[in-house]
Amino acid sequence: MSKITVLEHPLITHKLSLMRMKETGSKDFRQLLSEITMLLAYEATRDLPTYDAEIETPVSKTTGYFISDTKVGIIPILRAGLGMVDGFLSVLPTAKVGHIGLYRDHETLLPVEYYFKIPEDAQDRQLIILDPMLATGGSSNAAISFLKARNCHNIKMINLIAAPEGIKAVQAAHPDVDIFIGAVDEKLNEYAYIVPGLGDAGDRMYGTK
Ligand code: PRP
Ligand code: URA
């Protein structure tokens, strides 16, 4: 069964509460999403292998520990996942970036794919899907399935907010995918929006509504 890590930390709850507030405008919303992503990336990359090498400080010789030549690929789900790319890259600049374009059809609530481009060597990489919202789990499950269909099987996911329904759906379909989450909210409403949530993440990022 996939491991669910919910990062309960004052820096995250504070920034996330600001994001939830309906008065918060797009500029601050984007900035906060980027900052929280750095904190989530910190936890999601905890198991990256390191190698040691002798180094010299101004004071003495010592052993330094460096991230091995591990290949990581981040896969933002468009649109809202784009707002997590810079934050992630600021802590791990060597990660390559793939993109999956998906939107939820507002009537059927099912994910519709419109773009797919991942690094050529994606199957050799630790892939980390980025999407602020895990609601029904339809988009995440579709993204994971697309990656697996391309022979990518080393997959994790980072979400800012998840609904219990979405977590359950991903765990049922993809028990091998560990998920790192900023907050687990109460439920979904009748329009499959997360309650209390923060509204439509893409619209709030880009001011489209
Ligand atoms: C949002 C969000 C997720 C999806 C979550 O995207 O960024 O991708 O909904 O919902 P689900 O778990 O029920 O699939 P949306 O479809 O609104 O597309 P957008 O980012 O382009 O606005
Ligand atoms: N997508 C969003 O952007 N917000 C939700 O609450 C659910 C899905």
# chains A, B, ... in the order shown; residues from 1 in each chain; ligands from 1

call {"tool": "residues_near_ligand", "arguments": {"ligand": "ligand 1", "cutoff": "8 Å", "atoms": "only C-alpha atoms and all ligand atoms", "output": "number ranges by chain"}}
result
A: 77-81, 101-105, 109-111, 131-141, 166, 192-193, 200-203

call {"tool": "select_by_dssp", "arguments": {"residues": "segment 3-202 of chain A", "states": "strand (DSSP E or B)", "output": "number ranges by chain"}}
result
A: 4-6, 50-56, 61-67, 72-78, 96-97, 99-104, 111-117, 126-130, 133-134, 155-162, 178-184, 187-188, 194-195

call {"tool": "closest_atom_pairs", "arguments": {"of": "segment 120-187 of chain A", "to": "segment 3-26 of chain A", "cutoff": "8 Å", "atoms": "only C-alpha atoms", "output": "CSV"}}
result
residue,atom,partner,partner_atom,distance
A:Val177,CA,A:Lys3,CA,7.5
A:Asp178,CA,A:Lys3,CA,4.7
A:Ile179,CA,A:Ile4,CA,5.0
A:Phe180,CA,A:Thr5,CA,4.8
A:Ile181,CA,A:Val6,CA,4.8
A:Gly182,CA,A:Leu7,CA,5.3
A:Ala183,CA,A:Val6,CA,6.2
A:Val184,CA,A:Val6,CA,7.3

call {"tool": "write_last_selection", "arguments": {"atoms": "N, CA, C and O atoms", "output": "tab-separated table (two decimals), in the first residue's frame"}}
result
chain	number	residue	atom	x	y	z
A	177	VAL	N	2.51	3.99	-5.49
A	177	VAL	CA	2.87	5.41	-5.58
A	177	VAL	C	2.73	6.09	-4.21
A	177	VAL	O	1.62	6.20	-3.67
A	178	ASP	N	3.84	6.54	-3.65
A	178	ASP	CA	3.79	7.26	-2.37
A	178	ASP	C	3.37	8.71	-2.62
A	178	ASP	O	3.72	9.31	-3.64
A	179	ILE	N	2.61	9.27	-1.65
A	179	ILE	CA	2.08	10.62	-1.83
A	179	ILE	C	2.51	11.52	-0.68
A	179	ILE	O	2.40	11.14	0.50
A	180	PHE	N	2.98	12.71	-1.01
A	180	PHE	CA	3.40	13.71	-0.03
A	180	PHE	C	2.42	14.88	-0.12
A	180	PHE	O	2.23	15.45	-1.20
A	181	ILE	N	1.80	15.20	1.02
A	181	ILE	CA	0.65	16.12	0.99
A	181	ILE	C	0.82	17.22	2.04
A	181	ILE	O	1.29	16.97	3.15
A	182	GLY	N	0.40	18.44	1.67
A	182	GLY	CA	0.46	19.56	2.62
A	182	GLY	C	-0.66	19.50	3.63
A	182	GLY	O	-0.47	19.81	4.80
A	183	ALA	N	-1.86	19.12	3.19
A	183	ALA	CA	-3.01	19.01	4.11
A	183	ALA	C	-4.05	18.07	3.53
A	183	ALA	O	-4.28	18.07	2.31
A	184	VAL	N	-4.67	17.29	4.41
A	184	VAL	CA	-5.81	16.46	3.98
A	184	VAL	C	-7.07	17.17	4.48
A	184	VAL	O	-7.22	17.41	5.67

call {"tool": "closest_residue", "arguments": {"among": "A:Ala53, A:Ala169, A:Leu82, A:Ala163", "to": "ligand 2", "atoms": "only C-alpha atoms and all ligand atoms"}}
result
A:Ala163

call {"tool": "select_by_dssp", "arguments": {"residues": "segment 10-174 of chain A", "states": "alpha helix (DSSP H)", "output": "tab-separated table (two decimals) with C-alpha atoms, in the first residue's frame"}}
result
chain	number	residue	atom	x	y	z
A	10	PRO	CA	3.61	25.56	10.99
A	11	LEU	CA	5.35	26.97	7.90
A	12	ILE	CA	3.01	24.94	5.70
A	13	THR	CA	-0.22	25.54	7.65
A	14	HIS	CA	0.50	29.28	7.78
A	15	LYS	CA	1.24	29.64	4.08
A	16	LEU	CA	-1.58	27.30	3.09
A	17	SER	CA	-4.10	29.25	5.19
A	18	LEU	CA	-3.09	32.40	3.32
A	19	MET	CA	-3.62	30.57	0.03
A	20	ARG	CA	-7.06	29.36	1.11
A	26	SER	CA	-2.89	35.53	-7.92
A	27	LYS	CA	0.56	37.01	-7.29
A	28	ASP	CA	0.63	36.00	-3.61
A	29	PHE	CA	-1.10	32.70	-4.41
A	30	ARG	CA	1.66	31.76	-6.86
A	31	GLN	CA	4.42	32.87	-4.50
A	32	LEU	CA	2.98	30.85	-1.60
A	33	LEU	CA	2.48	27.76	-3.77
A	34	SER	CA	6.10	27.95	-4.83
A	35	GLU	CA	7.31	28.33	-1.23
A	36	ILE	CA	5.22	25.40	0.04
A	37	THR	CA	6.44	23.25	-2.85
A	38	MET	CA	10.03	23.73	-1.66
A	39	LEU	CA	9.02	22.35	1.74
A	40	LEU	CA	7.13	19.42	0.22
A	41	ALA	CA	10.06	18.72	-2.12
A	42	TYR	CA	12.35	18.56	0.90
A	43	GLU	CA	10.36	15.64	2.30
A	44	ALA	CA	9.71	13.91	-1.02
A	85	VAL	CA	7.87	23.67	-10.88
A	86	ASP	CA	10.04	26.64	-9.85
A	87	GLY	CA	9.76	25.79	-6.15
A	88	PHE	CA	10.84	22.22	-6.79
A	89	LEU	CA	13.68	23.21	-9.11
A	90	SER	CA	14.99	25.71	-6.58
A	91	VAL	CA	15.81	22.79	-4.25
A	138	GLY	CA	-9.22	11.03	-11.61
A	139	SER	CA	-6.50	13.34	-12.97
A	140	SER	CA	-3.75	11.83	-10.85
A	141	ASN	CA	-4.76	8.28	-11.69
A	142	ALA	CA	-4.83	9.13	-15.39
A	143	ALA	CA	-1.40	10.80	-15.21
A	144	ILE	CA	0.09	7.82	-13.36
A	145	SER	CA	-1.44	5.38	-15.86
A	146	PHE	CA	-0.03	7.37	-18.82
A	147	LEU	CA	3.43	7.22	-17.25
A	148	LYS	CA	3.19	3.51	-16.51
A	149	ALA	CA	2.05	2.88	-20.09
A	164	PRO	CA	-9.79	11.61	1.50
A	165	GLU	CA	-11.71	10.36	-1.56
A	166	GLY	CA	-8.79	11.16	-3.87
A	167	ILE	CA	-6.21	9.52	-1.63
A	168	LYS	CA	-8.32	6.38	-1.49
A	169	ALA	CA	-8.76	6.33	-5.28
A	170	VAL	CA	-5.02	6.65	-5.97
A	171	GLN	CA	-4.14	4.08	-3.32
A	172	ALA	CA	-6.63	1.64	-4.84
A	173	ALA	CA	-5.42	2.11	-8.42

call {"tool": "residues_around", "arguments": {"residues": "Val195 of chain A", "least_positions_apart": "4", "cutoff": "10 Å", "atoms": "only C-alpha atoms", "output": "JSON, numbers by chain"}}
result
{"A": [135, 162, 163, 184, 185, 186, 187, 188, 189, 199]}

call {"tool": "atom_distance", "arguments": {"atom1": "atom CA of Glu120 of chain A", "atom2": "atom CA of Cys152 of chain A"}}
result
11.0 Å

call {"tool": "atom_distance", "arguments": {"atom1": "atom CA of Met205 of chain A", "atom2": "atom CA of Pro76 of chain A"}}
result
14.2 Å
